>>> print(open('coords39.cif').read())   # mmCIF, C-alpha atoms
data_input
#
loop_
_atom_site.group_PDB
_atom_site.id
_atom_site.type_symbol
_atom_site.label_atom_id
_atom_site.label_comp_id
_atom_site.auth_asym_id
_atom_site.auth_seq_id
_atom_site.Cartn_x
_atom_site.Cartn_y
_atom_site.Cartn_z
ATOM 1 C CA MET A 1 -10.433 -3.212 0.034
ATOM 2 C CA ASN A 2 -10.286 -6.720 1.394
ATOM 3 C CA SER A 3 -8.649 -8.057 4.474
ATOM 4 C CA VAL A 4 -5.764 -10.536 4.143
ATOM 5 C CA GLY A 5 -8.197 -12.959 5.768
ATOM 6 C CA GLU A 6 -11.211 -13.212 3.510
ATOM 7 C CA ALA A 7 -13.559 -13.886 6.425
ATOM 8 C CA CYS A 8 -12.452 -10.685 8.146
ATOM 9 C CA THR A 9 -13.389 -8.242 5.389
ATOM 10 C CA GLU A 10 -16.747 -7.261 6.879
ATOM 11 C CA LEU A 11 -15.239 -6.698 10.338
ATOM 12 C CA LYS A 12 -12.466 -4.711 8.696
ATOM 13 C CA ARG A 13 -14.988 -2.475 6.886
ATOM 14 C CA GLU A 14 -16.821 -1.819 10.125
ATOM 15 C CA TYR A 15 -13.586 -0.872 11.883
ATOM 16 C CA ASP A 16 -12.323 1.235 8.946
ATOM 17 C CA GLN A 17 -15.540 3.257 8.889
ATOM 18 C CA CYS A 18 -15.285 3.929 12.612
ATOM 19 C CA PHE A 19 -11.606 4.814 12.415
ATOM 20 C CA ASN A 20 -11.867 7.077 9.347
ATOM 21 C CA ARG A 21 -14.656 9.044 11.016
ATOM 22 C CA TRP A 22 -12.701 9.423 14.272
ATOM 23 C CA PHE A 23 -9.516 10.284 12.403
ATOM 24 C CA ALA A 24 -11.114 13.065 10.310
ATOM 25 C CA GLU A 25 -13.566 14.490 12.851
ATOM 26 C CA LYS A 26 -11.677 14.109 16.125
ATOM 27 C CA PHE A 27 -7.998 13.290 15.874
ATOM 28 C CA LEU A 28 -7.060 15.796 13.147
ATOM 29 C CA LYS A 29 -9.080 18.512 14.900
ATOM 30 C CA GLY A 30 -7.110 18.069 18.111
ATOM 31 C CA ASP A 31 -9.788 16.180 20.013
ATOM 32 C CA ARG A 32 -7.972 13.476 21.981
ATOM 33 C CA SER A 33 -11.003 12.246 23.882
ATOM 34 C CA GLY A 34 -11.541 8.473 23.909
ATOM 35 C CA ASP A 35 -11.322 6.063 21.025
ATOM 36 C CA PRO A 36 -14.825 4.900 20.024
ATOM 37 C CA CYS A 37 -13.458 2.051 17.934
ATOM 38 C CA THR A 38 -11.858 -0.163 20.596
ATOM 39 C CA GLU A 39 -14.574 -2.815 20.525
ATOM 40 C CA THR A 40 -14.843 -3.070 16.738
ATOM 41 C CA PHE A 41 -11.035 -3.182 16.558
ATOM 42 C CA ARG A 42 -10.888 -6.055 19.051
ATOM 43 C CA ARG A 43 -13.379 -8.108 17.057
ATOM 44 C CA TYR A 44 -11.572 -7.365 13.814
ATOM 45 C CA GLN A 45 -8.163 -8.205 15.300
ATOM 46 C CA ARG A 46 -9.259 -11.586 16.628
ATOM 47 C CA CYS A 47 -10.167 -12.544 13.087
ATOM 48 C CA VAL A 48 -7.046 -11.094 11.445
ATOM 49 C CA GLN A 49 -4.581 -12.649 13.866
ATOM 50 C CA LYS A 50 -6.189 -16.034 13.238
ATOM 51 C CA ALA A 51 -5.848 -15.532 9.458
ATOM 52 C CA ILE A 52 -2.200 -14.480 9.819
ATOM 53 C CA LYS A 53 -1.443 -17.643 11.779
ATOM 54 C CA GLU A 54 -3.279 -19.828 9.289
ATOM 55 C CA LYS A 55 -1.474 -18.298 6.326
ATOM 56 C CA ASP A 56 1.824 -18.333 8.182
ATOM 57 C CA ILE A 57 2.542 -14.672 7.398
ATOM 58 C CA PRO A 58 5.805 -13.643 9.120
ATOM 59 C CA VAL A 59 4.622 -10.429 10.758
ATOM 60 C CA ASP A 60 6.809 -10.708 13.817
ATOM 61 C CA GLY A 61 10.494 -10.072 14.136
ATOM 62 C CA VAL A 62 10.825 -7.392 11.488
ATOM 63 C CA GLU A 63 11.869 -4.053 12.875
ATOM 64 C CA PHE A 64 12.084 -1.189 10.480
ATOM 65 C CA MET A 65 12.135 2.567 10.131
ATOM 66 C CA GLY A 66 15.517 2.561 8.518
ATOM 67 C CA PRO A 67 17.373 0.945 5.659
ATOM 68 C CA ASN A 68 20.126 -0.456 7.821
ATOM 69 C CA LYS A 69 18.100 -3.066 9.625
ATOM 70 C CA ASP A 70 18.682 -6.681 8.689
ATOM 71 C CA LYS A 71 15.700 -8.808 7.911
ATOM 72 C CA PRO A 72 15.299 -12.507 8.580
ATOM 73 C CA GLU A 73 15.460 -14.550 5.388
ATOM 74 C CA SER A 74 12.150 -16.028 4.337
ATOM 75 C CA MET B 75 21.278 -1.697 -4.422
ATOM 76 C CA LYS B 76 19.320 1.100 -5.999
ATOM 77 C CA ILE B 77 18.067 4.224 -4.310
ATOM 78 C CA TRP B 78 15.153 6.132 -5.755
ATOM 79 C CA SER B 79 13.498 9.260 -4.521
ATOM 80 C CA THR B 80 10.915 11.677 -5.764
ATOM 81 C CA GLU B 81 8.933 14.647 -4.595
ATOM 82 C CA HIS B 82 5.348 15.415 -5.457
ATOM 83 C CA VAL B 83 3.159 18.393 -4.691
ATOM 84 C CA PHE B 84 -0.600 18.113 -4.072
ATOM 85 C CA SER B 85 -2.682 21.257 -4.451
ATOM 86 C CA TYR B 86 -4.642 20.434 -1.297
ATOM 87 C CA PRO B 87 -4.006 21.204 2.366
ATOM 88 C CA TRP B 88 -2.202 18.645 4.485
ATOM 89 C CA GLU B 89 -5.280 17.395 6.382
ATOM 90 C CA THR B 90 -7.103 16.614 3.127
ATOM 91 C CA VAL B 91 -4.124 14.763 1.689
ATOM 92 C CA ILE B 92 -3.526 12.567 4.708
ATOM 93 C CA LYS B 93 -7.212 11.702 5.089
ATOM 94 C CA ALA B 94 -6.965 10.429 1.512
ATOM 95 C CA ALA B 95 -3.598 8.765 2.155
ATOM 96 C CA MET B 96 -5.115 6.806 5.047
ATOM 97 C CA ARG B 97 -7.693 5.468 2.594
ATOM 98 C CA LYS B 98 -5.231 5.024 -0.261
ATOM 99 C CA TYR B 99 -6.318 1.440 -1.010
ATOM 100 C CA PRO B 100 -8.054 0.237 -3.114
ATOM 101 C CA ASN B 101 -6.028 2.289 -5.520
ATOM 102 C CA PRO B 102 -6.693 2.015 -9.254
ATOM 103 C CA MET B 103 -3.165 3.288 -9.886
ATOM 104 C CA ASN B 104 -1.753 0.357 -7.927
ATOM 105 C CA PRO B 105 -4.035 -2.649 -8.332
ATOM 106 C CA ASN B 106 -1.312 -4.979 -7.044
ATOM 107 C CA VAL B 107 -2.327 -4.219 -3.461
ATOM 108 C CA VAL B 108 -5.149 -6.675 -2.822
ATOM 109 C CA GLY B 109 -5.467 -6.612 0.935
ATOM 110 C CA VAL B 110 -4.796 -4.204 3.779
ATOM 111 C CA ASP B 111 -5.138 -4.854 7.505
ATOM 112 C CA VAL B 112 -4.382 -2.818 10.592
ATOM 113 C CA LEU B 113 -2.342 -4.845 13.066
ATOM 114 C CA ASP B 114 -1.969 -2.243 15.741
ATOM 115 C CA ARG B 115 -2.873 1.373 16.382
ATOM 116 C CA THR B 116 -1.819 3.492 19.359
ATOM 117 C CA LEU B 117 -1.354 7.060 20.468
ATOM 118 C CA ASP B 118 2.029 7.847 21.943
ATOM 119 C CA ALA B 119 2.792 10.218 24.812
ATOM 120 C CA GLU B 120 3.191 13.114 22.367
ATOM 121 C CA GLY B 121 -0.253 12.534 20.873
ATOM 122 C CA ARG B 122 1.037 11.051 17.636
ATOM 123 C CA LEU B 123 -0.907 8.198 16.037
ATOM 124 C CA HIS B 124 1.124 5.071 15.264
ATOM 125 C CA SER B 125 -0.327 2.448 12.941
ATOM 126 C CA HIS B 126 1.140 -0.877 11.935
ATOM 127 C CA ARG B 127 -0.446 -2.320 8.819
ATOM 128 C CA LEU B 128 -0.063 -5.459 6.771
ATOM 129 C CA LEU B 129 -0.476 -5.182 3.013
ATOM 130 C CA SER B 130 -0.825 -8.140 0.720
ATOM 131 C CA THR B 131 0.218 -7.696 -2.866
ATOM 132 C CA GLU B 132 -0.414 -9.837 -5.900
ATOM 133 C CA TRP B 133 1.985 -9.364 -8.765
ATOM 134 C CA GLY B 134 0.510 -12.003 -11.079
ATOM 135 C CA LEU B 135 3.940 -13.416 -11.837
ATOM 136 C CA PRO B 136 3.757 -15.984 -14.626
ATOM 137 C CA GLY B 137 4.552 -19.564 -13.621
ATOM 138 C CA ILE B 138 7.856 -19.577 -15.457
ATOM 139 C CA VAL B 139 9.070 -16.490 -13.609
ATOM 140 C CA ARG B 140 8.092 -18.055 -10.317
ATOM 141 C CA ALA B 141 9.986 -21.197 -11.323
ATOM 142 C CA ILE B 142 13.116 -19.162 -12.136
ATOM 143 C CA LEU B 143 12.861 -17.283 -8.856
ATOM 144 C CA GLY B 144 12.296 -20.598 -7.096
ATOM 145 C CA THR B 145 9.108 -19.592 -5.382
ATOM 146 C CA ASN B 146 5.545 -20.849 -5.443
ATOM 147 C CA GLN B 147 4.199 -17.846 -3.628
ATOM 148 C CA THR B 148 1.810 -15.651 -5.556
ATOM 149 C CA GLN B 149 1.103 -13.160 -2.796
ATOM 150 C CA THR B 150 3.767 -11.120 -1.128
ATOM 151 C CA TYR B 151 3.372 -9.232 2.110
ATOM 152 C CA VAL B 152 4.517 -5.804 3.193
ATOM 153 C CA LYS B 153 4.573 -4.386 6.700
ATOM 154 C CA GLU B 154 4.023 -0.656 7.133
ATOM 155 C CA HIS B 155 4.518 1.629 10.118
ATOM 156 C CA SER B 156 3.033 5.113 9.944
ATOM 157 C CA ILE B 157 3.155 8.046 12.342
ATOM 158 C CA VAL B 158 0.726 10.959 12.114
ATOM 159 C CA ASP B 159 1.701 14.063 14.070
ATOM 160 C CA PRO B 160 -1.255 16.463 13.920
ATOM 161 C CA ASP B 161 0.594 19.228 15.793
ATOM 162 C CA GLU B 162 3.683 19.231 13.566
ATOM 163 C CA LYS B 163 1.539 18.342 10.524
ATOM 164 C CA LYS B 164 3.728 15.490 9.551
ATOM 165 C CA MET B 165 2.802 12.012 8.352
ATOM 166 C CA GLU B 166 5.552 9.509 7.858
ATOM 167 C CA LEU B 167 5.179 5.979 6.510
ATOM 168 C CA CYS B 168 7.851 3.307 6.308
ATOM 169 C CA SER B 169 7.285 -0.039 4.693
ATOM 170 C CA THR B 170 9.293 -3.119 3.925
ATOM 171 C CA ASN B 171 8.545 -6.516 2.379
ATOM 172 C CA ILE B 172 8.377 -9.397 4.833
ATOM 173 C CA THR B 173 8.220 -12.196 2.277
ATOM 174 C CA LEU B 174 10.658 -12.997 -0.535
ATOM 175 C CA THR B 175 13.282 -11.352 1.667
ATOM 176 C CA ASN B 176 15.860 -13.857 0.443
ATOM 177 C CA LEU B 177 15.331 -12.494 -3.087
ATOM 178 C CA ILE B 178 14.601 -8.810 -2.775
ATOM 179 C CA SER B 179 14.334 -6.029 -0.252
ATOM 180 C CA VAL B 180 12.184 -2.970 -0.915
ATOM 181 C CA ASP B 181 12.306 -0.379 1.848
ATOM 182 C CA GLU B 182 10.142 2.626 1.232
ATOM 183 C CA ARG B 183 9.638 5.870 3.127
ATOM 184 C CA LEU B 184 6.973 8.506 2.500
ATOM 185 C CA LEU B 185 6.711 11.860 4.205
ATOM 186 C CA TYR B 186 3.748 14.232 3.845
ATOM 187 C CA ARG B 187 4.257 17.811 5.034
ATOM 188 C CA PRO B 188 2.636 21.163 4.247
ATOM 189 C CA HIS B 189 4.587 23.191 1.731
ATOM 190 C CA PRO B 190 6.845 25.566 3.707
ATOM 191 C CA GLU B 191 5.639 28.584 1.716
ATOM 192 C CA ASN B 192 2.016 27.672 1.082
ATOM 193 C CA PRO B 193 -0.171 25.938 3.692
ATOM 194 C CA GLY B 194 -2.803 25.153 1.056
ATOM 195 C CA VAL B 195 -0.362 22.806 -0.626
ATOM 196 C CA THR B 196 1.218 19.522 0.536
ATOM 197 C CA VAL B 197 4.581 18.042 -0.358
ATOM 198 C CA LEU B 198 5.116 14.277 -0.514
ATOM 199 C CA THR B 199 8.696 13.052 -0.417
ATOM 200 C CA GLN B 200 9.005 9.430 -1.395
ATOM 201 C CA GLU B 201 12.143 7.339 -1.322
ATOM 202 C CA ALA B 202 12.950 3.682 -1.712
ATOM 203 C CA ILE B 203 15.959 1.444 -1.405
ATOM 204 C CA ILE B 204 15.794 -1.684 -3.507
ATOM 205 C CA THR B 205 18.219 -4.541 -3.180
ATOM 206 C CA VAL B 206 18.036 -7.698 -5.255
ATOM 207 C CA LYS B 207 19.893 -10.574 -3.667
ATOM 208 C CA GLY B 208 21.603 -13.623 -5.046
ATOM 209 C CA VAL B 209 20.541 -13.155 -8.667
ATOM 210 C CA SER B 210 23.130 -12.596 -11.386
ATOM 211 C CA LEU B 211 20.962 -10.000 -13.123
ATOM 212 C CA SER B 212 20.596 -8.034 -9.897
ATOM 213 C CA SER B 213 21.698 -4.693 -11.256
ATOM 214 C CA TYR B 214 19.403 -4.978 -14.258
ATOM 215 C CA LEU B 215 16.427 -6.054 -12.132
ATOM 216 C CA GLU B 216 17.011 -3.275 -9.653
ATOM 217 C CA GLY B 217 17.094 -0.754 -12.458
ATOM 218 C CA MET B 218 13.890 -2.182 -13.870
ATOM 219 C CA MET B 219 12.126 -1.921 -10.509
ATOM 220 C CA VAL B 220 13.256 1.656 -10.028
ATOM 221 C CA ARG B 221 11.997 2.615 -13.494
ATOM 222 C CA SER B 222 8.692 0.895 -12.807
ATOM 223 C CA MET B 223 8.261 2.641 -9.468
ATOM 224 C CA SER B 224 9.177 5.963 -11.001
ATOM 225 C CA ALA B 225 6.667 5.524 -13.814
ATOM 226 C CA ASN B 226 3.919 4.540 -11.373
ATOM 227 C CA ALA B 227 4.629 7.567 -9.226
ATOM 228 C CA ARG B 228 4.179 9.865 -12.207
ATOM 229 C CA LYS B 229 0.943 8.243 -13.315
ATOM 230 C CA LYS B 230 -1.866 10.762 -12.953
ATOM 231 C CA CYS B 231 -0.437 12.240 -9.813
ATOM 232 C CA ARG B 232 -1.395 15.642 -11.087
ATOM 233 C CA VAL B 233 -5.106 15.003 -11.170
ATOM 234 C CA SER B 234 -5.562 12.444 -8.487
ATOM 235 C CA LEU B 235 -4.816 12.140 -4.833
ATOM 236 C CA TYR B 236 -3.650 8.608 -5.550
ATOM 237 C CA CYS B 237 0.113 8.543 -5.712
ATOM 238 C CA SER B 238 1.127 4.971 -6.108
ATOM 239 C CA LEU B 239 4.154 2.825 -5.999
#
>>> encode(input="coords39.cif", output="structure tokens")
Amino acid sequence: MNSVGEACTELKREYDQCFNRWFAEKFLKGDRSGDPCTETFRRYQRCVQKAIKEKDIPVDGVEFMGPNKDKPES
Amino acid sequence: MKIWSTEHVFSYPWETVIKAAMRKYPNPMNPNVVGVDVLDRTLDAEGRLHSHRLLSTEWGLPGIVRAILGTNQTQTYVKEHSIVDPDEKKMELCSTNITLTNLISVDERLLYRPHPENPGVTVLTQEAIITVKGVSLSSYLEGMMVRSMSANARKKCRVSLYCSL
């Protein structure tokens, strides 16, 4: 699966692999010790946030978890 | 406004289903989702995992439809918030579109829980509220979207862990 920023896909894959392993082998088994993916996530995020800005994707300002919230028109 | 809900049972334990749900895309049953990114991920004080994700979808709308809708956008974006509670064995996802909001609003909620009588089985409850705005055929379009979502949800759910919208 690609990232919304084409240049970030490789960094995303690296992070996803780390996360999926931690999720299955640690988190779901009740092991709450440290997150081994912080660094890969940081690198991945830097790229994604840049892509979001460049594509002008309106990620901010939308609160949800309920059908009664109003959304800004876009 | 149209409200749609459905329930589906997976013959797998909860942990197996949510590991698959976390890796739901790419999903051959829903090829419209072309990009997924994690925006934020944190553990709260109760040990639940919160994730905020951005999904980009490509509907391949023909030019004439885009002209009628008055949009040049080909990709639409959806924001999703999920909470995984490994102690309660509950995974909840809520998503909403963040583009084309002046035309349509699709708010979806999914909840994965073990079956109350059989821990080897998982129940997915899926519901959506669809509102088409400012278009004279709104009721018809809403009905069409609900039927499309319903048909997608039934597609091969029995044999696959992919349960798509």
>>> atom_distance(input="coords39.cif", atom1="CA of Arg187 in chain B", atom2="CA of Met165 in chain B")
6.8 Å
>>> resolve_selection(input="coords39.cif", expression="the PyMOL selection byres ((chain B) within 7 of (chain A))", output="mmCIF file with C-alpha atoms, in the coordinates of the input")
data_model
loop_
_atom_site.group_PDB
_atom_site.id
_atom_site.type_symbol
_atom_site.label_atom_id
_atom_site.label_comp_id
_atom_site.auth_asym_id
_atom_site.auth_seq_id
_atom_site.Cartn_x
_atom_site.Cartn_y
_atom_site.Cartn_z
ATOM 1 C CA LYS B 93 -7.212 11.702 5.089
ATOM 2 C CA TYR B 99 -6.318 1.440 -1.010
ATOM 3 C CA PRO B 100 -8.054 0.237 -3.114
ATOM 4 C CA VAL B 108 -5.149 -6.675 -2.822
ATOM 5 C CA GLY B 109 -5.467 -6.612 0.935
ATOM 6 C CA VAL B 110 -4.796 -4.204 3.779
ATOM 7 C CA ASP B 111 -5.138 -4.854 7.505
ATOM 8 C CA SER B 130 -0.825 -8.140 0.720
ATOM 9 C CA PRO B 160 -1.255 16.463 13.920
ATOM 10 C CA CYS B 168 7.851 3.307 6.308
ATOM 11 C CA ILE B 172 8.377 -9.397 4.833
ATOM 12 C CA THR B 173 8.220 -12.196 2.277
ATOM 13 C CA LEU B 174 10.658 -12.997 -0.535
ATOM 14 C CA THR B 175 13.282 -11.352 1.667
ATOM 15 C CA ASN B 176 15.860 -13.857 0.443
ATOM 16 C CA ASP B 181 12.306 -0.379 1.848
#
>>> atom_distance(input="coords39.cif", atom1="CA of His82 in chain B", atom2="CA of Glu166 in chain B")
14.6 Å
>>> atom_distance(input="coords39.cif", atom1="CA of Glu14 in chain A", atom2="CA of Thr38 in chain A")
11.7 Å
>>> residues_near_point(input="coords39.cif", point="(1.5, 20.5, 9.9)", cutoff="12 Å", atoms="only C-alpha atoms", output="list in words")
Leu28 and Lys29 of chain A; Pro87, Trp88, Glu89, Thr90, Val91, Ile92, Val158, Asp159, Pro160, Asp161, Glu162, Lys163, Lys164, Met165, Glu166, Leu185, Tyr186, Arg187, Pro188, His189, Pro190, Asn192, Pro193, Gly194, Val195, Thr196 and Val197 of chain B
>>> write_last_selection(input="coords39.cif", atoms="C-alpha atoms", output="PDB file, keeping the file's coordinate frame")
ATOM      1  CA  LEU A  28      -7.060  15.796  13.147  1.00  0.00           C
ATOM      2  CA  LYS A  29      -9.080  18.512  14.900  1.00  0.00           C
TER       3      LYS A  29
ATOM      4  CA  PRO B  87      -4.006  21.204   2.366  1.00  0.00           C
ATOM      5  CA  TRP B  88      -2.202  18.645   4.485  1.00  0.00           C
ATOM      6  CA  GLU B  89      -5.280  17.395   6.382  1.00  0.00           C
ATOM      7  CA  THR B  90      -7.103  16.614   3.127  1.00  0.00           C
ATOM      8  CA  VAL B  91      -4.124  14.763   1.689  1.00  0.00           C
ATOM      9  CA  ILE B  92      -3.526  12.567   4.708  1.00  0.00           C
ATOM     10  CA  VAL B 158       0.726  10.959  12.114  1.00  0.00           C
ATOM     11  CA  ASP B 159       1.701  14.063  14.070  1.00  0.00           C
ATOM     12  CA  PRO B 160      -1.255  16.463  13.920  1.00  0.00           C
ATOM     13  CA  ASP B 161       0.594  19.228  15.793  1.00  0.00           C
ATOM     14  CA  GLU B 162       3.683  19.231  13.566  1.00  0.00           C
ATOM     15  CA  LYS B 163       1.539  18.342  10.524  1.00  0.00           C
ATOM     16  CA  LYS B 164       3.728  15.490   9.551  1.00  0.00           C
ATOM     17  CA  MET B 165       2.802  12.012   8.352  1.00  0.00           C
ATOM     18  CA  GLU B 166       5.552   9.509   7.858  1.00  0.00           C
ATOM     19  CA  LEU B 185       6.711  11.860   4.205  1.00  0.00           C
ATOM     20  CA  TYR B 186       3.748  14.232   3.845  1.00  0.00           C
ATOM     21  CA  ARG B 187       4.257  17.811   5.034  1.00  0.00           C
ATOM     22  CA  PRO B 188       2.636  21.163   4.247  1.00  0.00           C
ATOM     23  CA  HIS B 189       4.587  23.191   1.731  1.00  0.00           C
ATOM     24  CA  PRO B 190       6.845  25.566   3.707  1.00  0.00           C
ATOM     25  CA  ASN B 192       2.016  27.672   1.082  1.00  0.00           C
ATOM     26  CA  PRO B 193      -0.171  25.938   3.692  1.00  0.00           C
ATOM     27  CA  GLY B 194      -2.803  25.153   1.056  1.00  0.00           C
ATOM     28  CA  VAL B 195      -0.362  22.806  -0.626  1.00  0.00           C
ATOM     29  CA  THR B 196       1.218  19.522   0.536  1.00  0.00           C
ATOM     30  CA  VAL B 197       4.581  18.042  -0.358  1.00  0.00           C
TER      31      VAL B 197
END
>>> resolve_selection(input="coords39.cif", expression="the PyMOL selection byres ((chain B and resi 156) around 9)", output="ChimeraX atom specification")
/B:123-127,154-155,157-158,165-169
>>> resolve_selection(input="coords39.cif", expression="the PyMOL selection byres ((chain B and resi 178) around 8)", output="short mmCIF file (atom, residue, chain, number, x, y, z; two decimals) with C-alpha atoms, in the coordinates of the input")
data_model
loop_
_atom_site.label_atom_id
_atom_site.label_comp_id
_atom_site.auth_asym_id
_atom_site.auth_seq_id
_atom_site.Cartn_x
_atom_site.Cartn_y
_atom_site.Cartn_z
CA LEU B 174 10.66 -13.00 -0.54
CA THR B 175 13.28 -11.35 1.67
CA ASN B 176 15.86 -13.86 0.44
CA LEU B 177 15.33 -12.49 -3.09
CA SER B 179 14.33 -6.03 -0.25
CA VAL B 180 12.18 -2.97 -0.92
CA ILE B 204 15.79 -1.68 -3.51
CA THR B 205 18.22 -4.54 -3.18
CA VAL B 206 18.04 -7.70 -5.26
CA LYS B 207 19.89 -10.57 -3.67
#
>>> axis_aligned_box(input="coords39.cif", around="range 47-62 of chain A", padding_each_side="5 Å", output="JSON")
{"center_x": 0.3, "center_y": -13.6, "center_z": 10.2, "size_x": 31.0, "size_y": 22.4, "size_z": 17.8}
>>> build_atoms(input="coords39.cif", residues="range 6-13 of chain A", atoms="all heavy atoms", output="JSON list (two decimals), in the coordinates of the input")
[["chain", "number", "residue", "atom", "x", "y", "z"],
["A", 6, "GLU", "N", -9.97, -13.51, 4.23],
["A", 6, "GLU", "CA", -11.21, -13.21, 3.51],
["A", 6, "GLU", "C", -12.41, -13.09, 4.46],
["A", 6, "GLU", "O", -13.28, -12.24, 4.27],
["A", 6, "GLU", "CB", -11.51, -14.31, 2.47],
["A", 6, "GLU", "CG", -10.51, -14.39, 1.33],
["A", 6, "GLU", "CD", -9.21, -15.12, 1.69],
["A", 6, "GLU", "OE1", -9.17, -15.79, 2.75],
["A", 6, "GLU", "OE2", -8.25, -14.99, 0.93],
["A", 7, "ALA", "N", -12.42, -13.90, 5.49],
["A", 7, "ALA", "CA", -13.56, -13.89, 6.42],
["A", 7, "ALA", "C", -13.62, -12.61, 7.26],
["A", 7, "ALA", "O", -14.63, -12.33, 7.90],
["A", 7, "ALA", "CB", -13.48, -15.10, 7.35],
["A", 8, "CYS", "N", -12.53, -11.86, 7.26],
["A", 8, "CYS", "CA", -12.45, -10.68, 8.15],
["A", 8, "CYS", "C", -12.85, -9.39, 7.44],
["A", 8, "CYS", "O", -12.86, -8.32, 8.07],
["A", 8, "CYS", "CB", -11.02, -10.53, 8.68],
["A", 8, "CYS", "SG", -10.32, -12.03, 9.35],
["A", 9, "THR", "N", -13.16, -9.47, 6.17],
["A", 9, "THR", "CA", -13.39, -8.24, 5.39],
["A", 9, "THR", "C", -14.53, -7.39, 5.94],
["A", 9, "THR", "O", -14.41, -6.17, 6.02],
["A", 9, "THR", "CB", -13.62, -8.59, 3.90],
["A", 9, "THR", "OG1", -12.42, -9.19, 3.40],
["A", 9, "THR", "CG2", -13.92, -7.35, 3.08],
["A", 10, "GLU", "N", -15.61, -8.02, 6.34],
["A", 10, "GLU", "CA", -16.75, -7.26, 6.88],
["A", 10, "GLU", "C", -16.38, -6.56, 8.19],
["A", 10, "GLU", "O", -16.70, -5.39, 8.39],
["A", 10, "GLU", "CB", -17.93, -8.21, 7.10],
["A", 10, "GLU", "CG", -19.30, -7.56, 6.95],
["A", 10, "GLU", "CD", -19.36, -6.44, 5.93],
["A", 10, "GLU", "OE1", -19.09, -6.69, 4.72],
["A", 10, "GLU", "OE2", -19.64, -5.29, 6.33],
["A", 11, "LEU", "N", -15.68, -7.28, 9.07],
["A", 11, "LEU", "CA", -15.24, -6.70, 10.34],
["A", 11, "LEU", "C", -14.25, -5.56, 10.07],
["A", 11, "LEU", "O", -14.25, -4.53, 10.76],
["A", 11, "LEU", "CB", -14.55, -7.77, 11.20],
["A", 11, "LEU", "CG", -15.47, -8.86, 11.75],
["A", 11, "LEU", "CD1", -14.65, -10.00, 12.35],
["A", 11, "LEU", "CD2", -16.43, -8.30, 12.80],
["A", 12, "LYS", "N", -13.43, -5.75, 9.06],
["A", 12, "LYS", "CA", -12.47, -4.71, 8.70],
["A", 12, "LYS", "C", -13.21, -3.45, 8.23],
["A", 12, "LYS", "O", -12.87, -2.34, 8.63],
["A", 12, "LYS", "CB", -11.55, -5.22, 7.57],
["A", 12, "LYS", "CG", -10.69, -4.15, 6.94],
["A", 12, "LYS", "CD", -9.97, -4.67, 5.70],
["A", 12, "LYS", "CE", -9.82, -3.61, 4.63],
["A", 12, "LYS", "NZ", -8.91, -2.53, 5.01],
["A", 13, "ARG", "N", -14.24, -3.63, 7.40],
["A", 13, "ARG", "CA", -14.99, -2.48, 6.89],
["A", 13, "ARG", "C", -15.63, -1.70, 8.03],
["A", 13, "ARG", "O", -15.61, -0.48, 8.05],
["A", 13, "ARG", "CB", -16.07, -2.91, 5.90],
["A", 13, "ARG", "CG", -15.51, -3.50, 4.66],
["A", 13, "ARG", "CD", -16.20, -3.07, 3.38],
["A", 13, "ARG", "NE", -15.43, -3.62, 2.26],
["A", 13, "ARG", "CZ", -15.81, -4.67, 1.54],
["A", 13, "ARG", "NH1", -16.97, -5.25, 1.77],
["A", 13, "ARG", "NH2", -15.04, -5.13, 0.57]]
